[in-house]
$ cat query08.csv   # CSV, C-alpha atoms
chain,number,residue,atom,x,y,z
L,87,MET,CA,0.0,0.0,0.0
L,88,LYS,CA,2.9,2.3,0.8
L,89,LYS,CA,4.2,2.2,-2.7
L,90,TYR,CA,0.8,3.2,-4.1
L,91,PHE,CA,0.6,6.2,-1.8
L,92,SER,CA,4.0,7.1,-3.0
L,93,PHE,CA,3.1,6.6,-6.6
L,94,ILE,CA,0.2,9.2,-6.4
L,95,LYS,CA,2.1,11.4,-4.0
L,96,ILE,CA,-0.9,11.2,-1.6
L,97,GLU,CA,0.7,13.9,0.6
L,98,HIS,CA,0.3,16.4,-2.2
L,99,THR,CA,-3.4,16.3,-1.6
L,100,ALA,CA,-2.8,18.6,1.3
L,101,PHE,CA,-1.6,21.2,-1.2
L,102,SER,CA,-5.0,21.6,-2.8
L,103,LEU,CA,-7.2,21.1,0.3
L,104,PRO,CA,-6.8,24.7,1.7
L,105,ILE,CA,-8.2,26.1,-1.6
L,106,ILE,CA,-11.0,23.6,-1.7
L,107,PHE,CA,-12.1,24.3,1.9
L,108,SER,CA,-11.8,28.0,1.1
L,109,GLY,CA,-14.5,27.4,-1.5
L,110,MET,CA,-16.6,25.7,1.2
L,111,ALA,CA,-16.2,28.8,3.4
L,112,LEU,CA,-17.4,31.1,0.6
L,113,GLY,CA,-20.4,28.8,0.2
L,114,VAL,CA,-21.3,29.3,3.8
L,115,LEU,CA,-20.9,33.1,3.3
L,116,ALA,CA,-23.1,33.1,0.2
L,117,ARG,CA,-25.9,31.2,2.1
L,118,HIS,CA,-25.7,33.9,4.8
L,119,LYS,CA,-25.8,36.8,2.4
L,120,ASN,CA,-28.8,35.3,0.6
L,121,ALA,CA,-30.6,34.8,3.9
L,122,GLU,CA,-30.6,31.0,3.4
L,123,VAL,CA,-30.8,28.6,6.3
L,124,LEU,CA,-27.3,28.1,7.6
L,125,LEU,CA,-26.1,24.5,7.8
L,126,ALA,CA,-25.7,22.9,11.2
L,127,ASP,CA,-22.1,22.1,12.4
L,128,SER,CA,-22.8,18.4,12.1
L,129,GLU,CA,-23.9,18.8,8.4
L,130,LEU,CA,-20.9,21.0,7.6
L,131,LEU,CA,-18.6,18.3,9.2
L,132,ARG,CA,-20.3,15.6,7.0
L,133,ILE,CA,-19.9,17.8,3.9
L,134,GLY,CA,-16.2,18.5,4.8
L,135,ILE,CA,-15.5,14.8,5.1
L,136,TYR,CA,-17.0,14.0,1.7
L,137,VAL,CA,-15.2,16.9,0.2
L,138,LEU,CA,-11.9,15.5,1.6
L,139,ILE,CA,-12.8,12.1,0.1
L,140,ALA,CA,-13.7,13.6,-3.2
L,141,ALA,CA,-10.5,15.7,-3.3
L,142,THR,CA,-8.4,12.6,-2.5
L,143,GLY,CA,-10.1,10.5,-5.2
L,144,ALA,CA,-9.8,13.3,-7.8
L,145,ARG,CA,-6.2,13.9,-7.0
L,146,THR,CA,-5.6,10.1,-7.4
L,147,VAL,CA,-7.2,10.1,-10.8
L,148,GLY,CA,-5.3,13.2,-12.0
L,149,PHE,CA,-1.9,12.1,-10.7
L,150,ALA,CA,-2.3,8.5,-12.0
L,151,MET,CA,-3.4,9.7,-15.4
L,152,ASN,CA,-0.4,12.1,-15.6
L,153,ARG,CA,2.0,9.3,-14.7
L,154,ILE,CA,0.5,6.8,-17.1
L,155,VAL,CA,0.5,9.3,-20.1
L,156,ASP,CA,4.0,10.5,-19.4
L,157,ARG,CA,5.6,7.2,-18.5
L,158,HIS,CA,7.7,7.0,-21.7
L,159,LEU,CA,8.9,10.6,-21.4
L,160,ASP,CA,9.7,10.0,-17.7
L,161,ALA,CA,11.9,7.1,-18.6
L,162,ARG,CA,14.0,9.3,-20.9
L,163,ASN,CA,14.3,12.2,-18.5
L,164,PRO,CA,17.1,11.9,-15.9
L,165,ARG,CA,15.0,14.0,-13.4
L,166,THR,CA,12.1,11.5,-13.6
L,167,GLU,CA,13.5,8.2,-14.7
L,168,LYS,CA,13.3,6.8,-11.1
L,169,ARG,CA,9.5,7.4,-10.9
L,170,HIS,CA,7.5,4.3,-10.2
L,171,LEU,CA,6.3,3.4,-13.7
L,172,PRO,CA,9.6,3.9,-15.6
L,173,ALA,CA,11.5,2.3,-12.7
L,174,GLY,CA,9.2,-0.8,-12.7
L,175,ALA,CA,8.2,-0.3,-9.1
L,176,VAL,CA,4.5,-0.1,-10.2
L,177,SER,CA,3.2,-2.0,-13.2
L,178,LEU,CA,1.0,-0.3,-15.8
L,179,ILE,CA,-1.9,-2.6,-14.8
L,180,GLU,CA,-1.4,-1.5,-11.1
L,181,ALA,CA,-1.4,2.1,-12.2
L,182,TYR,CA,-4.7,1.7,-14.0
L,183,LEU,CA,-6.2,0.0,-11.0
L,184,VAL,CA,-5.1,2.9,-8.8
L,185,LEU,CA,-6.7,5.3,-11.3
L,186,LEU,CA,-10.0,3.3,-11.2
L,187,ALA,CA,-9.9,3.2,-7.4
L,188,GLY,CA,-9.5,7.0,-7.3
L,189,PHE,CA,-12.4,7.3,-9.8
L,190,ALA,CA,-14.7,5.2,-7.7
L,191,ILE,CA,-13.9,7.1,-4.5
L,192,TYR,CA,-14.4,10.4,-6.2
L,193,MET,CA,-17.7,9.5,-7.8
L,194,PHE,CA,-19.0,8.0,-4.5
L,195,ALA,CA,-18.2,11.2,-2.7
L,196,ALA,CA,-19.8,13.4,-5.3
L,197,TRP,CA,-22.9,11.3,-5.1
L,198,MET,CA,-23.0,11.6,-1.3
L,199,LEU,CA,-22.7,15.4,-1.5
L,200,ASN,CA,-25.6,16.5,-3.7
L,201,GLY,CA,-27.1,16.2,-7.1
L,202,LEU,CA,-25.3,19.2,-8.7
L,203,CYS,CA,-21.9,17.9,-7.5
L,204,LEU,CA,-22.7,14.5,-9.1
L,205,LEU,CA,-23.9,16.2,-12.3
L,206,LEU,CA,-20.7,18.3,-12.6
L,207,SER,CA,-18.3,15.6,-11.5
L,208,PRO,CA,-17.2,14.6,-15.0
L,209,ILE,CA,-15.8,18.0,-15.7
L,210,PRO,CA,-12.7,17.7,-13.6
L,211,LEU,CA,-12.2,14.2,-14.9
L,212,LEU,CA,-12.2,15.5,-18.4
L,213,VAL,CA,-9.6,18.1,-17.5
L,214,PHE,CA,-7.4,15.4,-15.9
L,215,ALA,CA,-7.7,13.3,-19.1
L,216,VAL,CA,-6.8,16.1,-21.4
L,217,TYR,CA,-4.1,18.2,-19.7
L,218,PRO,CA,-1.3,15.6,-19.7
L,219,PHE,CA,-1.4,15.6,-23.5
L,220,LEU,CA,-1.3,19.4,-23.9
L,221,LYS,CA,2.5,19.7,-23.6
L,222,ARG,CA,2.8,17.7,-26.8
L,223,PHE,CA,0.8,20.4,-28.7
L,224,THR,CA,1.0,23.8,-27.0
L,225,ALA,CA,3.0,25.9,-24.6
L,226,LEU,CA,-0.3,26.8,-23.0
L,227,ALA,CA,-0.2,23.4,-21.3
L,228,HIS,CA,0.6,25.2,-18.0
L,229,PHE,CA,-2.9,26.6,-18.0
L,230,GLY,CA,-4.3,23.1,-18.3
L,231,VAL,CA,-2.4,22.2,-15.1
L,232,GLY,CA,-3.7,25.3,-13.5
L,233,LEU,CA,-7.3,24.5,-14.5
L,234,SER,CA,-7.0,21.0,-12.9
L,235,LEU,CA,-6.6,22.6,-9.4
L,236,ALA,CA,-8.7,25.7,-10.1
L,237,LEU,CA,-11.9,23.7,-10.1
L,238,GLY,CA,-11.4,22.8,-6.5
L,239,PRO,CA,-12.9,26.0,-4.9
L,240,LEU,CA,-16.0,25.6,-7.1
L,241,GLY,CA,-16.3,22.0,-6.0
L,242,GLY,CA,-16.1,23.1,-2.3
L,243,TYR,CA,-18.6,25.9,-2.9
L,244,PHE,CA,-21.2,23.7,-4.6
L,245,ALA,CA,-20.8,21.1,-1.9
L,246,VAL,CA,-22.2,23.7,0.5
L,247,ARG,CA,-24.5,25.7,-1.8
L,248,PRO,CA,-25.4,23.9,-5.1
L,249,THR,CA,-26.7,27.0,-6.8
L,250,PHE,CA,-25.7,29.3,-9.6
L,251,ASP,CA,-26.3,33.0,-9.0
L,252,ALA,CA,-24.6,36.4,-8.4
L,253,PHE,CA,-23.5,35.4,-4.9
L,254,MET,CA,-20.9,33.2,-6.6
L,255,ILE,CA,-18.7,36.1,-7.6
L,256,PRO,CA,-16.2,35.7,-4.8
L,257,VAL,CA,-15.7,32.0,-5.4
L,258,VAL,CA,-15.4,32.6,-9.2
L,259,LEU,CA,-12.6,35.2,-8.4
L,260,LEU,CA,-10.9,32.7,-6.1
L,261,THR,CA,-11.1,30.0,-8.8
L,262,CYS,CA,-9.5,32.4,-11.4
L,263,PHE,CA,-6.9,33.3,-8.8
L,264,THR,CA,-6.1,29.6,-8.3
L,265,TRP,CA,-5.9,29.0,-12.1
L,266,LEU,CA,-3.3,31.8,-12.6
L,267,TRP,CA,-1.4,31.0,-9.4
L,268,VAL,CA,-1.0,27.3,-10.3
L,269,SER,CA,-0.3,28.1,-14.0
L,270,GLY,CA,2.4,30.6,-12.9
L,271,PHE,CA,4.2,28.2,-10.6
L,272,ASP,CA,4.0,25.4,-13.1
L,273,ILE,CA,6.0,27.6,-15.5
L,274,ILE,CA,8.6,28.0,-12.7
L,275,TYR,CA,8.6,24.2,-12.2
L,276,SER,CA,9.0,23.6,-15.9
L,277,THR,CA,12.3,25.6,-16.1
L,278,SER,CA,14.0,22.5,-14.7
L,279,ASP,CA,13.0,20.6,-17.9
L,280,GLU,CA,13.8,23.3,-20.5
L,281,ALA,CA,16.6,21.4,-22.2
L,282,PHE,CA,14.7,18.1,-22.2
L,283,ASP,CA,11.6,19.7,-23.6
L,284,LYS,CA,13.5,21.3,-26.4
L,285,LYS,CA,15.3,18.1,-27.2
L,286,HIS,CA,12.1,16.0,-27.4
L,287,GLY,CA,9.9,18.6,-29.1
L,288,LEU,CA,7.7,19.3,-26.0
L,289,PHE,CA,6.0,22.6,-25.5
L,290,SER,CA,6.4,24.8,-22.4
L,291,PHE,CA,7.1,28.5,-21.8
L,292,PRO,CA,10.8,27.9,-21.0
L,293,ALA,CA,11.2,25.7,-24.1
L,294,LYS,CA,9.4,28.2,-26.3
L,295,PHE,CA,10.6,31.6,-24.9
L,296,GLY,CA,13.7,30.6,-22.8
L,297,LYS,CA,14.0,30.6,-19.0
L,298,VAL,CA,14.4,34.4,-18.5
L,299,LEU,CA,11.3,35.4,-20.5
L,300,ALA,CA,9.3,32.5,-19.2
L,301,LEU,CA,9.9,33.7,-15.6
L,302,LYS,CA,8.8,37.2,-16.6
L,303,PHE,CA,5.6,35.7,-18.0
L,304,SER,CA,5.2,33.8,-14.7
L,305,ALA,CA,5.7,37.0,-12.7
L,306,ILE,CA,3.0,38.8,-14.8
L,307,ILE,CA,0.6,35.9,-14.3
L,308,HIS,CA,1.2,35.9,-10.5
L,309,ALA,CA,0.6,39.7,-10.4
L,310,LEU,CA,-2.7,39.2,-12.2
L,311,ALA,CA,-3.5,36.4,-9.7
L,312,PHE,CA,-2.9,38.8,-6.8
L,313,VAL,CA,-5.3,41.3,-8.4
L,314,LEU,CA,-8.0,38.6,-8.5
L,315,LEU,CA,-7.4,37.8,-4.8
L,316,CYS,CA,-7.8,41.5,-4.1
L,317,GLY,CA,-11.1,41.1,-5.9
L,318,VAL,CA,-12.2,38.4,-3.4
L,319,TYR,CA,-11.4,40.8,-0.6
L,320,CYS,CA,-13.3,43.7,-2.1
L,321,THR,CA,-16.4,41.6,-2.9
L,322,ALA,CA,-16.6,39.6,0.3
L,323,PHE,CA,-14.4,40.8,3.1
L,324,MET,CA,-14.1,44.6,2.7
L,325,GLY,CA,-13.4,46.1,6.1
L,326,SER,CA,-11.6,43.1,7.8
L,327,VAL,CA,-8.2,44.3,8.9
L,328,VAL,CA,-6.9,40.8,9.6
L,329,ALA,CA,-8.0,39.6,6.2
L,330,ALA,CA,-6.3,42.6,4.6
L,331,ILE,CA,-3.1,41.7,6.3
L,332,LEU,CA,-3.3,38.1,5.2
L,333,LEU,CA,-4.0,39.4,1.7
L,334,LEU,CA,-0.8,41.3,1.7
L,335,VAL,CA,1.1,38.3,3.1
L,336,SER,CA,-0.3,36.3,0.1
L,337,GLY,CA,1.0,38.9,-2.3
L,338,TYR,CA,4.4,38.9,-0.6
L,339,LEU,CA,4.6,35.1,-0.9
L,340,LEU,CA,3.8,35.3,-4.6
L,341,TYR,CA,6.6,37.8,-5.0
L,342,LEU,CA,8.9,35.6,-2.9
L,343,GLU,CA,8.1,32.6,-5.1
L,344,GLN,CA,9.4,34.6,-8.1
L,345,LYS,CA,12.5,35.7,-6.2
L,346,LYS,CA,13.3,32.1,-5.3
L,347,SER,CA,12.4,30.7,-8.8
L,348,ASP,CA,16.0,29.3,-9.1
L,349,ASP,CA,15.4,27.1,-6.1
L,350,ILE,CA,12.6,24.8,-7.3
L,351,GLU,CA,12.3,23.0,-4.0
L,352,MET,CA,11.8,26.2,-2.1
L,353,ALA,CA,9.5,28.0,-4.6
L,354,PHE,CA,7.4,25.0,-5.7
L,355,PHE,CA,7.0,22.8,-2.6
L,356,LYS,CA,7.6,25.1,0.4
L,357,ILE,CA,6.4,28.6,-0.5
L,358,ASN,CA,3.4,27.2,-2.4
L,359,ALA,CA,2.3,25.1,0.5
L,360,ILE,CA,2.5,28.0,2.9
L,361,LEU,CA,0.7,30.3,0.4
L,362,GLY,CA,-2.2,27.8,0.2
L,363,PHE,CA,-2.7,27.8,4.0
L,364,ILE,CA,-2.4,31.6,4.1
L,365,VAL,CA,-5.1,32.0,1.4
L,366,PHE,CA,-7.3,29.6,3.4
L,367,ALA,CA,-6.7,31.7,6.6
L,368,PHE,CA,-7.5,34.9,4.6
L,369,VAL,CA,-10.8,33.4,3.4
L,370,PHE,CA,-11.7,31.8,6.7
L,371,ILE,CA,-11.1,34.9,8.7
L,372,GLY,CA,-12.8,37.1,6.1
L,373,VAL,CA,-15.9,34.9,6.2
L,374,ARG,CA,-16.0,35.0,10.0
L,375,PHE,CA,-15.7,38.8,9.9
L,376,SER,CA,-18.6,39.0,7.3
L,377,LEU,CA,-20.8,36.6,9.4
L,378,THR,CA,-20.6,38.8,12.5
$ encode --input "query08.csv" --output "structure tokens"
Amino acid sequence: MKKYFSFIKIEHTAFSLPIIFSGMALGVLARHKNAEVLLADSELLRIGIYVLIAATGARTVGFAMNRIVDRHLDARNPRTEKRHLPAGAVSLIEAYLVLLAGFAIYMFAAWMLNGLCLLLSPIPLLVFAVYPFLKRFTALAHFGVGLSLALGPLGGYFAVRPTFDAFMIPVVLLTCFTWLWVSGFDIIYSTSDEAFDKKHGLFSFPAKFGKVLALKFSAIIHALAFVLLCGVYCTAFMGSVVAAILLLVSGYLLYLEQKKSDDIEMAFFKINAILGFIVFAFVFIGVRFSLT
């Protein structure tokens, strides 16, 4: 079992959870603003558990799909040749079984949440199925990776409030922030494969524009992401001093990620993880302020 958890990097699920739970918090706020009945703590706990299960299942599907599609490329890349599939630690059949298990877990959780979550559940799966192939055709593949995580806040929101209306504006802004944030740091991460991508005809910003220009694009994308996060504050939490401070901290971490772009371990794995929890704290505290 340990090798399967390692294969799908189960610990990386924690990276997306703060953003997904932020969507849930915005769903609670939308119910309050629309004078809907607030959910009991026990019901919110039940929803939170199934959101966690759904996120784990979806992450499993996405990661397994990416590893399966890229297994031949991974085998030729010195950075990835020791991953489970190219190294033979996990067979292709086992990888597909892991994918199917993740699919079953995800669909079960969506079914247990509500009808809209179940109806919309194929959309993330479609994104997971398509984005691993994008690098073979377009440098915009980074935005496919971003989209795969950006749907998380919407999923958390619909788990709490399965309705489309104007009260969705803050969560839509958070979704767009997540899309640009993840796309921007995927460009940073891809700088480590610039030479490999060029050699094998793969598309990425570093391969197409060079590392220096690619990082400038990443910085612009992250600046736009911060603007969108400011939009969340202005449409949902205006007046909360603590939320405003956390907003500025989030902006600083985006800046720091760019400054540390040469250190992939620091920028991608450490600063990003901290930023995810800071954004969650920003949303959580902003929601608490708006509910009082």
$ atom_distance --input "query08.csv" --atom1 "CA of Lys119 (chain L)" --atom2 "CA of Arg132 (chain L)"
22.4 Å
$ closest_atom_pairs --input "query08.csv" --of "region 201-306 of chain L" --to "region 321-336 of chain L" --cutoff "12 Å" --atoms "only C-alpha atoms" --output "CSV"
residue,atom,partner,partner_atom,distance
L:Ala252,CA,L:Thr321,CA,11.2
L:Phe253,CA,L:Ala322,CA,9.6
L:Met254,CA,L:Thr321,CA,10.2
L:Ile255,CA,L:Thr321,CA,7.6
L:Pro256,CA,L:Thr321,CA,6.2
L:Val257,CA,L:Ala322,CA,9.5
L:Val258,CA,L:Thr321,CA,11.0
L:Leu259,CA,L:Thr321,CA,9.3
L:Leu260,CA,L:Thr321,CA,10.9
L:Phe263,CA,L:Ser336,CA,11.5
L:Trp267,CA,L:Ser336,CA,10.9
$ write_last_selection --input "query08.csv" --atoms "C-alpha atoms" --output "mmCIF file, in the coordinates of the input"
data_model
loop_
_atom_site.group_PDB
_atom_site.id
_atom_site.type_symbol
_atom_site.label_atom_id
_atom_site.label_comp_id
_atom_site.auth_asym_id
_atom_site.auth_seq_id
_atom_site.Cartn_x
_atom_site.Cartn_y
_atom_site.Cartn_z
ATOM 1 C CA ALA L 252 -24.600 36.400 -8.400
ATOM 2 C CA PHE L 253 -23.500 35.400 -4.900
ATOM 3 C CA MET L 254 -20.900 33.200 -6.600
ATOM 4 C CA ILE L 255 -18.700 36.100 -7.600
ATOM 5 C CA PRO L 256 -16.200 35.700 -4.800
ATOM 6 C CA VAL L 257 -15.700 32.000 -5.400
ATOM 7 C CA VAL L 258 -15.400 32.600 -9.200
ATOM 8 C CA LEU L 259 -12.600 35.200 -8.400
ATOM 9 C CA LEU L 260 -10.900 32.700 -6.100
ATOM 10 C CA PHE L 263 -6.900 33.300 -8.800
ATOM 11 C CA TRP L 267 -1.400 31.000 -9.400
#
$ residues_around --input "query08.csv" --residues "Ala236 (chain L)" --least-positions-apart "5" --cutoff "8 Å" --atoms "all atoms listed in the file" --output "list in words"
Thr261, Cys262, Phe263, Thr264, Trp265 and Val268 of chain L
$ atom_distance --input "query08.csv" --atom1 "CA of Ser234 (chain L)" --atom2 "CA of Lys345 (chain L)"
25.3 Å
$ residues_around --input "query08.csv" --residues "Ala121 (chain L)" --least-positions-apart "6" --cutoff "12 Å" --atoms "all atoms listed in the file" --output "PyMOL selection string"
chain L and resi 114-115+253+377
$ write_last_selection --input "query08.csv" --atoms "C-alpha atoms" --output "short mmCIF file (atom, residue, chain, number, x, y, z; two decimals), in the coordinates of the input"
data_model
loop_
_atom_site.label_atom_id
_atom_site.label_comp_id
_atom_site.auth_asym_id
_atom_site.auth_seq_id
_atom_site.Cartn_x
_atom_site.Cartn_y
_atom_site.Cartn_z
CA VAL L 114 -21.30 29.30 3.80
CA LEU L 115 -20.90 33.10 3.30
CA PHE L 253 -23.50 35.40 -4.90
CA LEU L 377 -20.80 36.60 9.40
#
$ residues_near_point --input "query08.csv" --point "(-23.3, 19.8, 7.1)" --cutoff "12 Å" --atoms "only C-alpha atoms" --output "count of residues only"
24
$ closest_atom_pairs --input "query08.csv" --of "region 103-174 of chain L" --to "region 181-190 of chain L" --cutoff "12 Å" --atoms "all atoms listed in the file" --output "CSV"
residue,atom,partner,partner_atom,distance
L:Ile139,CA,L:Gly188,CA,9.6
L:Ala140,CA,L:Gly188,CA,8.8
L:Ala141,CA,L:Gly188,CA,9.6
L:Thr142,CA,L:Gly188,CA,7.5
L:Gly143,CA,L:Gly188,CA,4.1
L:Ala144,CA,L:Gly188,CA,6.3
L:Arg145,CA,L:Gly188,CA,7.7
L:Thr146,CA,L:Gly188,CA,5.0
L:Val147,CA,L:Leu185,CA,4.9
L:Gly148,CA,L:Leu185,CA,8.1
L:Phe149,CA,L:Leu185,CA,8.3
L:Ala150,CA,L:Leu185,CA,5.5
L:Met151,CA,L:Leu185,CA,6.9
L:Asn152,CA,L:Leu185,CA,10.2
L:Arg153,CA,L:Ala181,CA,8.3
L:Ile154,CA,L:Ala181,CA,7.1
L:Val155,CA,L:Ala181,CA,10.9
L:Arg157,CA,L:Ala181,CA,10.7
L:His170,CA,L:Ala181,CA,9.4
L:Leu171,CA,L:Ala181,CA,8.0
L:Pro172,CA,L:Ala181,CA,11.7
L:Gly174,CA,L:Ala181,CA,11.0
$ closest_residue --input "query08.csv" --among "L:Ala300, L:Thr277, L:Leu361, L:Lys294" --to "Asp348 (chain L)" --atoms "all atoms listed in the file"
L:Thr277
$ atom_distance --input "query08.csv" --atom1 "CA of Pro164 (chain L)" --atom2 "CA of Leu288 (chain L)"
15.7 Å
$ closest_residue --input "query08.csv" --among "L:Ile273, L:Ala111, L:Leu314, L:Leu299" --to "Phe244 (chain L)" --atoms "only C-alpha atoms"
L:Ala111
$ residues_around --input "query08.csv" --residues "Glu343 (chain L)" --least-positions-apart "5" --cutoff "9 Å" --atoms "all atoms listed in the file" --output "PyMOL selection string"
chain L and resi 271+274+338+352-354+357-358
$ residues_around --input "query08.csv" --residues "Val213 (chain L)" --least-positions-apart "5" --cutoff "9 Å" --atoms "only C-alpha atoms" --output "ChimeraX atom specification"
/L:148,208,218,230-231,233-234
$ closest_residue --input "query08.csv" --among "L:Asn120, L:Ser276, L:Asn163, L:Thr224" --to "Phe289 (chain L)" --atoms "only C-alpha atoms"
L:Thr224
$ closest_residue --input "query08.csv" --among "L:Tyr341, L:Lys284, L:Ile307, L:Thr249" --to "His228 (chain L)" --atoms "only C-alpha atoms"
L:Ile307
